[in-house]
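> Take a look at the following structure, please.
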Amino acid sequence: MIKNIKFKSYLSTHEPLQKMKYKLLVAKCSKNVFYEKKNKNLINKKNNIETLCIPDQIMEDQIQKQTVNYHIDELRERVLIGAMNIFLSICICLSISKDLLIAFEINGLKNNYSFLQLNPGEFFFTSLEIAINFGIICSFPSLVYQISSYTIPGLTKNEKNFYIPIIFGSIFLFVLGLIFSYYILSPFALNFFSTYSDGLVESTLSIKQYFDFYIKLMFSTGIGFQIPIILVILGKSKLISSDQMLSQWRYVIIICSIAAAVITPTTDPVTQLITCLPLIGLYFLGAFLAKLSEN
């Protein structure tokens with residue numbers, strides 16, 4: 001007791017020791033203040049996180065809603081671009097519609113056909129119809145690109161390897177059908193009818209009827225040339241095997257003959273035969289490609 005009193009009295013009279021004691025007290029207080037502030041910040045941060053925390057279901061709903069809105073906006077944009085391409089193509093084709101009509105009239109003039117309009121506005125509306133049809137055909141690659149750009153990112157790698165060749169193959173076969181109809185099928189049909197009626201009636205056609213004959217034959221032939229694509233899709237989806245396709249060849253010949261009769265606007269057997277033979281060949285080509293896709 002006496003020693004503690006003496007030591008305290010010594011500290012009170014010794015100035016350096018008092019300064020050291022003061023520094024120790026200040027350091028201890030500052031340390032306590034630091035830990036108090038740190039704990040307070042941690043508590044505030046935890047409270048902020050808790051207040052900002054969103055349940056998982058709400059978060060998933062928001063993400064799904066944003067994804068759906070993004071796809072709707074993208075679809076709207078691509079539809080708008082496709083419509084603008086069709087409109088511009090129609091305008092361009094309308095400006096050259098007379099040249100397109102002359103190109104169609106060549107085969108008719110070679111077979112001694114002459115053309116007339118039955119009412120004052122027939123030539124104008126025929127030109128407009130040509131512009132619309134060829135505008136859609138010319139904008140078709142752009143439409144395929146817009147559709148592919150929208151759908152392909154959602155496909156797997158194997159699906160992309162399958163559907164991309166299908167898309168380009170379909171375009172190629174459709175164009176091939178148009179070329180086959182314009183250069184082979186339509187001239188042969190016109191020649192057959194002109195020869196059959198030669199010397200009996202004058203071969204004079206309405207320009208609208210002549211164009212309708214041509215455009216229906218071209219589009220139907222282009223659609224008929226999609227047979228290999230349909231067979232490959234059926235074979236890949238395992239709805240029917242390539243062996244089953246080949247085993248039904250007798251029925252295929254009958255069906256192709258009926259399809260040729262429907263496709264061709266004429267009723268002569270020669271034109272139907274010219275249409276039927278490529279369809280049968282395309283069927284066997286599709287069966288062969290389906291067999292390759294199965295392997």
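Identifiers in this document derive from the order of the structure tokens: chains are assigned A, B, ..., residues are numbered from 1 separately in each chain, and ligands are numbered from 1 in order of occurrence.
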Excluding Ala83 of chain A and residues on its chain fewer than 5 positions from it, collect all residues at most 9 Å away from it, counting only C-alpha atoms, and give them as a PyMOL selection string.
chain A and resi 78+88+143
> Would you save the residues of that selection, restricted to all heavy atoms, as a compact mmCIF listing (two decimals), in the first residue's frame?

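Wrote part18.txt, looks like this:
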# COMPACT_ATOMS: atom_id res chain seq x y z
N ARG A 78 -36.30 -6.97 -86.84
CA ARG A 78 -36.02 -7.78 -88.03
C ARG A 78 -37.23 -7.82 -88.96
O ARG A 78 -37.08 -7.85 -90.19
CB ARG A 78 -35.58 -9.18 -87.62
CG ARG A 78 -34.27 -9.19 -86.87
CD ARG A 78 -33.65 -10.56 -86.78
NE ARG A 78 -32.40 -10.52 -86.04
CZ ARG A 78 -31.23 -10.15 -86.56
NH1 ARG A 78 -31.17 -9.79 -87.83
NH2 ARG A 78 -30.14 -10.13 -85.83
N LEU A 88 -38.63 -1.92 -100.89
CA LEU A 88 -37.62 -1.39 -101.82
C LEU A 88 -37.47 -2.27 -103.05
O LEU A 88 -37.32 -1.77 -104.17
CB LEU A 88 -36.27 -1.26 -101.09
CG LEU A 88 -36.20 -0.19 -99.99
CD1 LEU A 88 -34.85 -0.25 -99.28
CD2 LEU A 88 -36.42 1.20 -100.57
N LEU A 143 -34.76 -11.90 -96.49
CA LEU A 143 -35.71 -12.45 -95.51
C LEU A 143 -35.15 -13.71 -94.85
O LEU A 143 -35.28 -13.89 -93.63
CB LEU A 143 -37.04 -12.77 -96.21
CG LEU A 143 -37.80 -11.59 -96.79
CD1 LEU A 143 -39.05 -12.08 -97.51
CD2 LEU A 143 -38.17 -10.59 -95.71
> Show me, as a PDB file with N, CA and C atoms, in the first residue's frame, the residues that have an atom within 12 Å of Pro187 of chain A when counting only C-alpha atoms, minus same-chain residues fewer than 5 positions from it.

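Output (selection-v3.pdb):
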ATOM      1  N   PHE A 104     -40.451 -11.971-120.383  1.00  0.00           N
ATOM      2  CA  PHE A 104     -41.455 -13.044-120.372  1.00  0.00           C
ATOM      3  C   PHE A 104     -42.076 -13.250-121.757  1.00  0.00           C
ATOM      4  N   GLU A 105     -42.214 -12.177-122.514  1.00  0.00           N
ATOM      5  CA  GLU A 105     -42.864 -12.277-123.811  1.00  0.00           C
ATOM      6  C   GLU A 105     -41.992 -12.964-124.865  1.00  0.00           C
ATOM      7  N   ILE A 106     -40.687 -13.070-124.613  1.00  0.00           N
ATOM      8  CA  ILE A 106     -39.779 -13.630-125.620  1.00  0.00           C
ATOM      9  C   ILE A 106     -40.192 -15.039-126.018  1.00  0.00           C
ATOM     10  N   ASN A 107     -40.440 -15.897-125.005  1.00  0.00           N
ATOM     11  CA  ASN A 107     -40.816 -17.281-125.317  1.00  0.00           C
ATOM     12  C   ASN A 107     -42.152 -17.354-126.053  1.00  0.00           C
ATOM     13  N   GLY A 108     -43.085 -16.471-125.713  1.00  0.00           N
ATOM     14  CA  GLY A 108     -44.362 -16.461-126.404  1.00  0.00           C
ATOM     15  C   GLY A 108     -44.227 -15.997-127.842  1.00  0.00           C
ATOM     16  N   LEU A 109     -43.415 -14.959-128.071  1.00  0.00           N
ATOM     17  CA  LEU A 109     -43.219 -14.460-129.434  1.00  0.00           C
ATOM     18  C   LEU A 109     -42.510 -15.481-130.309  1.00  0.00           C
ATOM     19  N   LYS A 110     -41.611 -16.265-129.720  1.00  0.00           N
ATOM     20  CA  LYS A 110     -40.931 -17.308-130.497  1.00  0.00           C
ATOM     21  C   LYS A 110     -41.905 -18.379-130.977  1.00  0.00           C
ATOM     22  N   ASN A 111     -42.998 -18.560-130.239  1.00  0.00           N
ATOM     23  CA  ASN A 111     -43.992 -19.572-130.596  1.00  0.00           C
ATOM     24  C   ASN A 111     -45.219 -18.956-131.263  1.00  0.00           C
ATOM     25  N   ASN A 112     -45.035 -17.768-131.868  1.00  0.00           N
ATOM     26  CA  ASN A 112     -46.075 -17.113-132.684  1.00  0.00           C
ATOM     27  C   ASN A 112     -47.288 -16.677-131.870  1.00  0.00           C
ATOM     28  N   TYR A 113     -47.066 -16.296-130.607  1.00  0.00           N
ATOM     29  CA  TYR A 113     -48.151 -15.732-129.801  1.00  0.00           C
ATOM     30  C   TYR A 113     -48.104 -14.209-129.900  1.00  0.00           C
ATOM     31  N   ILE A 179     -35.650 -21.597-112.647  1.00  0.00           N
ATOM     32  CA  ILE A 179     -34.887 -21.638-113.901  1.00  0.00           C
ATOM     33  C   ILE A 179     -35.392 -22.764-114.802  1.00  0.00           C
ATOM     34  N   PHE A 180     -35.651 -23.935-114.215  1.00  0.00           N
ATOM     35  CA  PHE A 180     -36.157 -25.065-114.989  1.00  0.00           C
ATOM     36  C   PHE A 180     -37.501 -24.726-115.628  1.00  0.00           C
ATOM     37  N   SER A 181     -38.352 -24.045-114.888  1.00  0.00           N
ATOM     38  CA  SER A 181     -39.665 -23.694-115.418  1.00  0.00           C
ATOM     39  C   SER A 181     -39.561 -22.656-116.525  1.00  0.00           C
ATOM     40  N   TYR A 182     -38.694 -21.663-116.344  1.00  0.00           N
ATOM     41  CA  TYR A 182     -38.606 -20.577-117.322  1.00  0.00           C
ATOM     42  C   TYR A 182     -37.964 -21.026-118.629  1.00  0.00           C
ATOM     43  N   PHE A 192     -45.996 -26.645-127.500  1.00  0.00           N
ATOM     44  CA  PHE A 192     -46.958 -27.728-127.718  1.00  0.00           C
ATOM     45  C   PHE A 192     -48.325 -27.166-128.106  1.00  0.00           C
ATOM     46  N   PHE A 193     -48.802 -26.171-127.365  1.00  0.00           N
ATOM     47  CA  PHE A 193     -50.123 -25.611-127.644  1.00  0.00           C
ATOM     48  C   PHE A 193     -50.132 -24.830-128.952  1.00  0.00           C
ATOM     49  N   SER A 194     -49.034 -24.134-129.242  1.00  0.00           N
ATOM     50  CA  SER A 194     -48.977 -23.380-130.499  1.00  0.00           C
ATOM     51  C   SER A 194     -48.972 -24.316-131.701  1.00  0.00           C
ATOM     52  N   THR A 195     -48.244 -25.406-131.600  1.00  0.00           N
ATOM     53  CA  THR A 195     -48.185 -26.378-132.691  1.00  0.00           C
ATOM     54  C   THR A 195     -49.526 -27.082-132.866  1.00  0.00           C
ATOM     55  N   PHE A 213     -50.115 -17.559-116.260  1.00  0.00           N
ATOM     56  CA  PHE A 213     -49.665 -18.895-116.652  1.00  0.00           C
ATOM     57  C   PHE A 213     -48.197 -19.093-116.283  1.00  0.00           C
ATOM     58  N   TYR A 214     -47.365 -18.114-116.594  1.00  0.00           N
ATOM     59  CA  TYR A 214     -45.936 -18.226-116.344  1.00  0.00           C
ATOM     60  C   TYR A 214     -45.621 -18.252-114.850  1.00  0.00           C
ATOM     61  N   LEU A 217     -46.749 -21.427-112.970  1.00  0.00           N
ATOM     62  CA  LEU A 217     -45.912 -22.572-113.322  1.00  0.00           C
ATOM     63  C   LEU A 217     -44.535 -22.462-112.657  1.00  0.00           C
ATOM     64  N   MET A 218     -43.984 -21.265-112.603  1.00  0.00           N
ATOM     65  CA  MET A 218     -42.660 -21.080-111.997  1.00  0.00           C
ATOM     66  C   MET A 218     -42.689 -21.320-110.499  1.00  0.00           C
ATOM     67  N   THR A 271     -46.253 -32.213-121.212  1.00  0.00           N
ATOM     68  CA  THR A 271     -45.788 -31.253-120.200  1.00  0.00           C
ATOM     69  C   THR A 271     -45.812 -31.884-118.810  1.00  0.00           C
ATOM     70  N   ILE A 274     -42.771 -34.107-118.502  1.00  0.00           N
ATOM     71  CA  ILE A 274     -41.550 -33.339-118.296  1.00  0.00           C
ATOM     72  C   ILE A 274     -41.458 -32.848-116.846  1.00  0.00           C
TER      73      ILE A 274
END
> So that I can see what lies close to Pro165 of chain A, please list as a list of chain:residue names the residues with an atom at most 12 Å from it, counting only C-alpha atoms and leaving out residues fewer than 6 positions away in the same chain.
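Non-adjacent residues within range: A:Ser148, A:Asn158, A:Glu159, A:Ile171, A:Phe172, A:Leu173, A:Ile229, A:Val232, A:Ile233, A:Leu289, A:Ser293.
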> Could the residues in this selection be written to a file with C-alpha atoms, as a PDB file, in the first residue's frame?

ATOM      1  CA  SER A 148     -31.724 -17.193 -89.716  1.00  0.00           C
ATOM      2  CA  ASN A 158     -25.378 -29.976 -84.101  1.00  0.00           C
ATOM      3  CA  GLU A 159     -28.636 -28.237 -84.998  1.00  0.00           C
ATOM      4  CA  ILE A 171     -32.939 -21.584-101.627  1.00  0.00           C
ATOM      5  CA  PHE A 172     -30.793 -23.277-104.266  1.00  0.00           C
ATOM      6  CA  LEU A 173     -33.499 -25.805-105.196  1.00  0.00           C
ATOM      7  CA  ILE A 229     -35.375 -30.934 -98.321  1.00  0.00           C
ATOM      8  CA  VAL A 232     -34.021 -35.016 -95.400  1.00  0.00           C
ATOM      9  CA  ILE A 233     -35.970 -33.368 -92.563  1.00  0.00           C
ATOM     10  CA  LEU A 289     -29.397 -37.492 -98.828  1.00  0.00           C
ATOM     11  CA  SER A 293     -27.840 -37.797 -92.836  1.00  0.00           C
TER      12      SER A 293
END
> If you count only C-alpha atoms, which residues fall within 12 Å of Tyr145 of chain A, apart from same-chain ones fewer than 4 positions away, as a PyMOL selection string?
chain A and resi 78-79+81-82+85+139-141+149-152+164+167-168+171
> Take the residues that were just selected and, keeping N, CA and C atoms, output them as a PDB file, in the first residue's frame.

ATOM      1  N   ARG A  78     -36.298  -6.967 -86.838  1.00  0.00           N
ATOM      2  CA  ARG A  78     -36.021  -7.780 -88.031  1.00  0.00           C
ATOM      3  C   ARG A  78     -37.234  -7.823 -88.962  1.00  0.00           C
ATOM      4  N   VAL A  79     -38.434  -7.833 -88.402  1.00  0.00           N
ATOM      5  CA  VAL A  79     -39.640  -7.780 -89.243  1.00  0.00           C
ATOM      6  C   VAL A  79     -39.700  -6.449 -89.998  1.00  0.00           C
ATOM      7  N   ILE A  81     -37.102  -4.554 -90.826  1.00  0.00           N
ATOM      8  CA  ILE A  81     -36.071  -4.571 -91.867  1.00  0.00           C
ATOM      9  C   ILE A  81     -36.534  -5.408 -93.064  1.00  0.00           C
ATOM     10  N   GLY A  82     -37.150  -6.575 -92.789  1.00  0.00           N
ATOM     11  CA  GLY A  82     -37.650  -7.415 -93.869  1.00  0.00           C
ATOM     12  C   GLY A  82     -38.727  -6.724 -94.687  1.00  0.00           C
ATOM     13  N   ASN A  85     -37.106  -4.145 -96.902  1.00  0.00           N
ATOM     14  CA  ASN A  85     -36.439  -4.773 -98.049  1.00  0.00           C
ATOM     15  C   ASN A  85     -37.452  -5.170 -99.132  1.00  0.00           C
ATOM     16  N   SER A 139     -36.179 -10.110-102.678  1.00  0.00           N
ATOM     17  CA  SER A 139     -35.925  -9.862-101.251  1.00  0.00           C
ATOM     18  C   SER A 139     -35.866 -11.148-100.441  1.00  0.00           C
ATOM     19  N   PHE A 140     -36.084 -12.290-101.095  1.00  0.00           N
ATOM     20  CA  PHE A 140     -36.102 -13.562-100.383  1.00  0.00           C
ATOM     21  C   PHE A 140     -34.785 -13.867 -99.655  1.00  0.00           C
ATOM     22  N   PRO A 141     -33.596 -13.651-100.275  1.00  0.00           N
ATOM     23  CA  PRO A 141     -32.346 -13.879 -99.521  1.00  0.00           C
ATOM     24  C   PRO A 141     -32.223 -13.028 -98.263  1.00  0.00           C
ATOM     25  N   SER A 149     -30.782 -15.193 -88.703  1.00  0.00           N
ATOM     26  CA  SER A 149     -30.082 -14.445 -87.649  1.00  0.00           C
ATOM     27  C   SER A 149     -30.877 -14.427 -86.349  1.00  0.00           C
ATOM     28  N   TYR A 150     -32.187 -14.536 -86.465  1.00  0.00           N
ATOM     29  CA  TYR A 150     -33.029 -14.530 -85.256  1.00  0.00           C
ATOM     30  C   TYR A 150     -33.105 -15.907 -84.602  1.00  0.00           C
ATOM     31  N   THR A 151     -33.109 -16.968 -85.411  1.00  0.00           N
ATOM     32  CA  THR A 151     -33.339 -18.309 -84.868  1.00  0.00           C
ATOM     33  C   THR A 151     -32.060 -19.089 -84.595  1.00  0.00           C
ATOM     34  N   ILE A 152     -31.028 -18.917 -85.423  1.00  0.00           N
ATOM     35  CA  ILE A 152     -29.825 -19.750 -85.313  1.00  0.00           C
ATOM     36  C   ILE A 152     -29.092 -19.581 -83.983  1.00  0.00           C
ATOM     37  N   ILE A 164     -28.403 -25.056 -91.238  1.00  0.00           N
ATOM     38  CA  ILE A 164     -27.801 -24.075 -92.155  1.00  0.00           C
ATOM     39  C   ILE A 164     -27.679 -24.635 -93.569  1.00  0.00           C
ATOM     40  N   ILE A 167     -31.165 -24.659 -95.132  1.00  0.00           N
ATOM     41  CA  ILE A 167     -31.661 -23.348 -95.583  1.00  0.00           C
ATOM     42  C   ILE A 167     -31.084 -22.999 -96.949  1.00  0.00           C
ATOM     43  N   PHE A 168     -29.760 -23.118 -97.076  1.00  0.00           N
ATOM     44  CA  PHE A 168     -29.138 -22.769 -98.358  1.00  0.00           C
ATOM     45  C   PHE A 168     -29.529 -23.763 -99.455  1.00  0.00           C
ATOM     46  N   ILE A 171     -33.004 -22.744-100.727  1.00  0.00           N
ATOM     47  CA  ILE A 171     -32.939 -21.584-101.627  1.00  0.00           C
ATOM     48  C   ILE A 171     -32.428 -22.008-103.003  1.00  0.00           C
TER      49      ILE A 171
END
> Give me, please, the distance in Å between atom CA of Glu294 of chain A and atom CA of Gly235 of chain A, quoted to one decimal.
7.0 Å
> Can you check which residues of segment 79-252 of chain A DSSP gives as strand (DSSP E or B) on the backbone and send them as a PyMOL selection string?
chain A and resi 114-116+204-206
> Which one of A:Val201, A:Leu239, A:Ser257, A:Lys216 sits closest to Val270 of chain A if you count only C-alpha atoms?
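Smallest separation from Val270 of chain A among the options: A:Ser257.
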> So, with only C-alpha atoms as the atoms that count, which of A:Gly224, A:Pro278, A:Ile136, A:Asp198 lies closest to Val262 of chain A?
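So, comparing all the options, the nearest one is A:Gly224.
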> Using only C-alpha atoms, which protein or nucleic acid residues come within 10 Å of Asp243 of chain A? Drop anything in the same chain fewer than 5 positions from it, and give the result as a list of chain:residue names.
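Here the answer would be A:Gly235, A:Gln248, A:Ala287, A:Phe288, A:Ala290, A:Lys291.
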> Hey, can you check how far atom CA of Ser206 of chain A sits from atom CA of Ile132 of chain A?
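According to the coordinates, atom CA of Ser206 of chain A and atom CA of Ile132 of chain A are separated by 19.3 Å.
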> Measure the distance from atom CA of Leu100 of chain A to atom CA of Ser186 of chain A in Å and round it to one decimal.
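Atom CA of Ser186 of chain A lies at a distance of 15.9 Å from atom CA of Leu100 of chain A.
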> A:Leu185, A:Glu129, A:Asn161, A:Ile72: which is nearest Leu277 of chain A, counting only C-alpha atoms?
A:Leu185
> Could you please write out, as a VMD selection string, every residue of segment 92-236 of chain A that DSSP assigns to alpha helix (DSSP H)?
chain A and resid 92 to 95 97 to 110 122 to 151 157 to 180 186 to 196 207 to 224 227 to 236
> Would you kindly return, as a tab-separated table (two decimals) with C-alpha atoms, in the first residue's frame, each protein, DNA or RNA residue with an atom no farther than 10 Å from any atom of Ile90 of chain A, considering only C-alpha atoms and excluding same-chain residues fewer than 6 positions away?

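Result file follows (selection30.tsv):
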chain	number	residue	atom	x	y	z
A	84	MET	CA	-38.46	-2.41	-95.84
A	96	ILE	CA	-38.11	-2.14	-114.60
A	97	SER	CA	-41.44	-3.94	-114.94
A	128	LEU	CA	-47.76	-4.05	-110.68
A	129	GLU	CA	-48.32	-7.78	-110.17
A	130	ILE	CA	-44.96	-8.54	-111.79
A	131	ALA	CA	-43.26	-6.00	-109.52
A	132	ILE	CA	-44.82	-7.52	-106.40
A	133	ASN	CA	-43.95	-11.11	-107.33
A	134	PHE	CA	-40.38	-10.39	-108.38
A	135	GLY	CA	-39.90	-7.97	-105.48
A	136	ILE	CA	-40.68	-10.80	-103.05
A	137	ILE	CA	-38.35	-13.14	-104.96
A	138	CYS	CA	-35.50	-10.61	-104.97
A	139	SER	CA	-35.93	-9.86	-101.25
> Any idea what's packed within 7 Å of Leu178 of chain A, counting only C-alpha atoms, ignoring anything in its chain fewer than 6 positions away? Could you give it as a VMD selection string?
chain A and resid 218 to 219 221 to 222
> Go through A:Gln244, A:Ile184, A:Phe162, A:Leu155 and flag the residue nearest Thr275 of chain A, using only C-alpha atoms for the distances.
A:Ile184
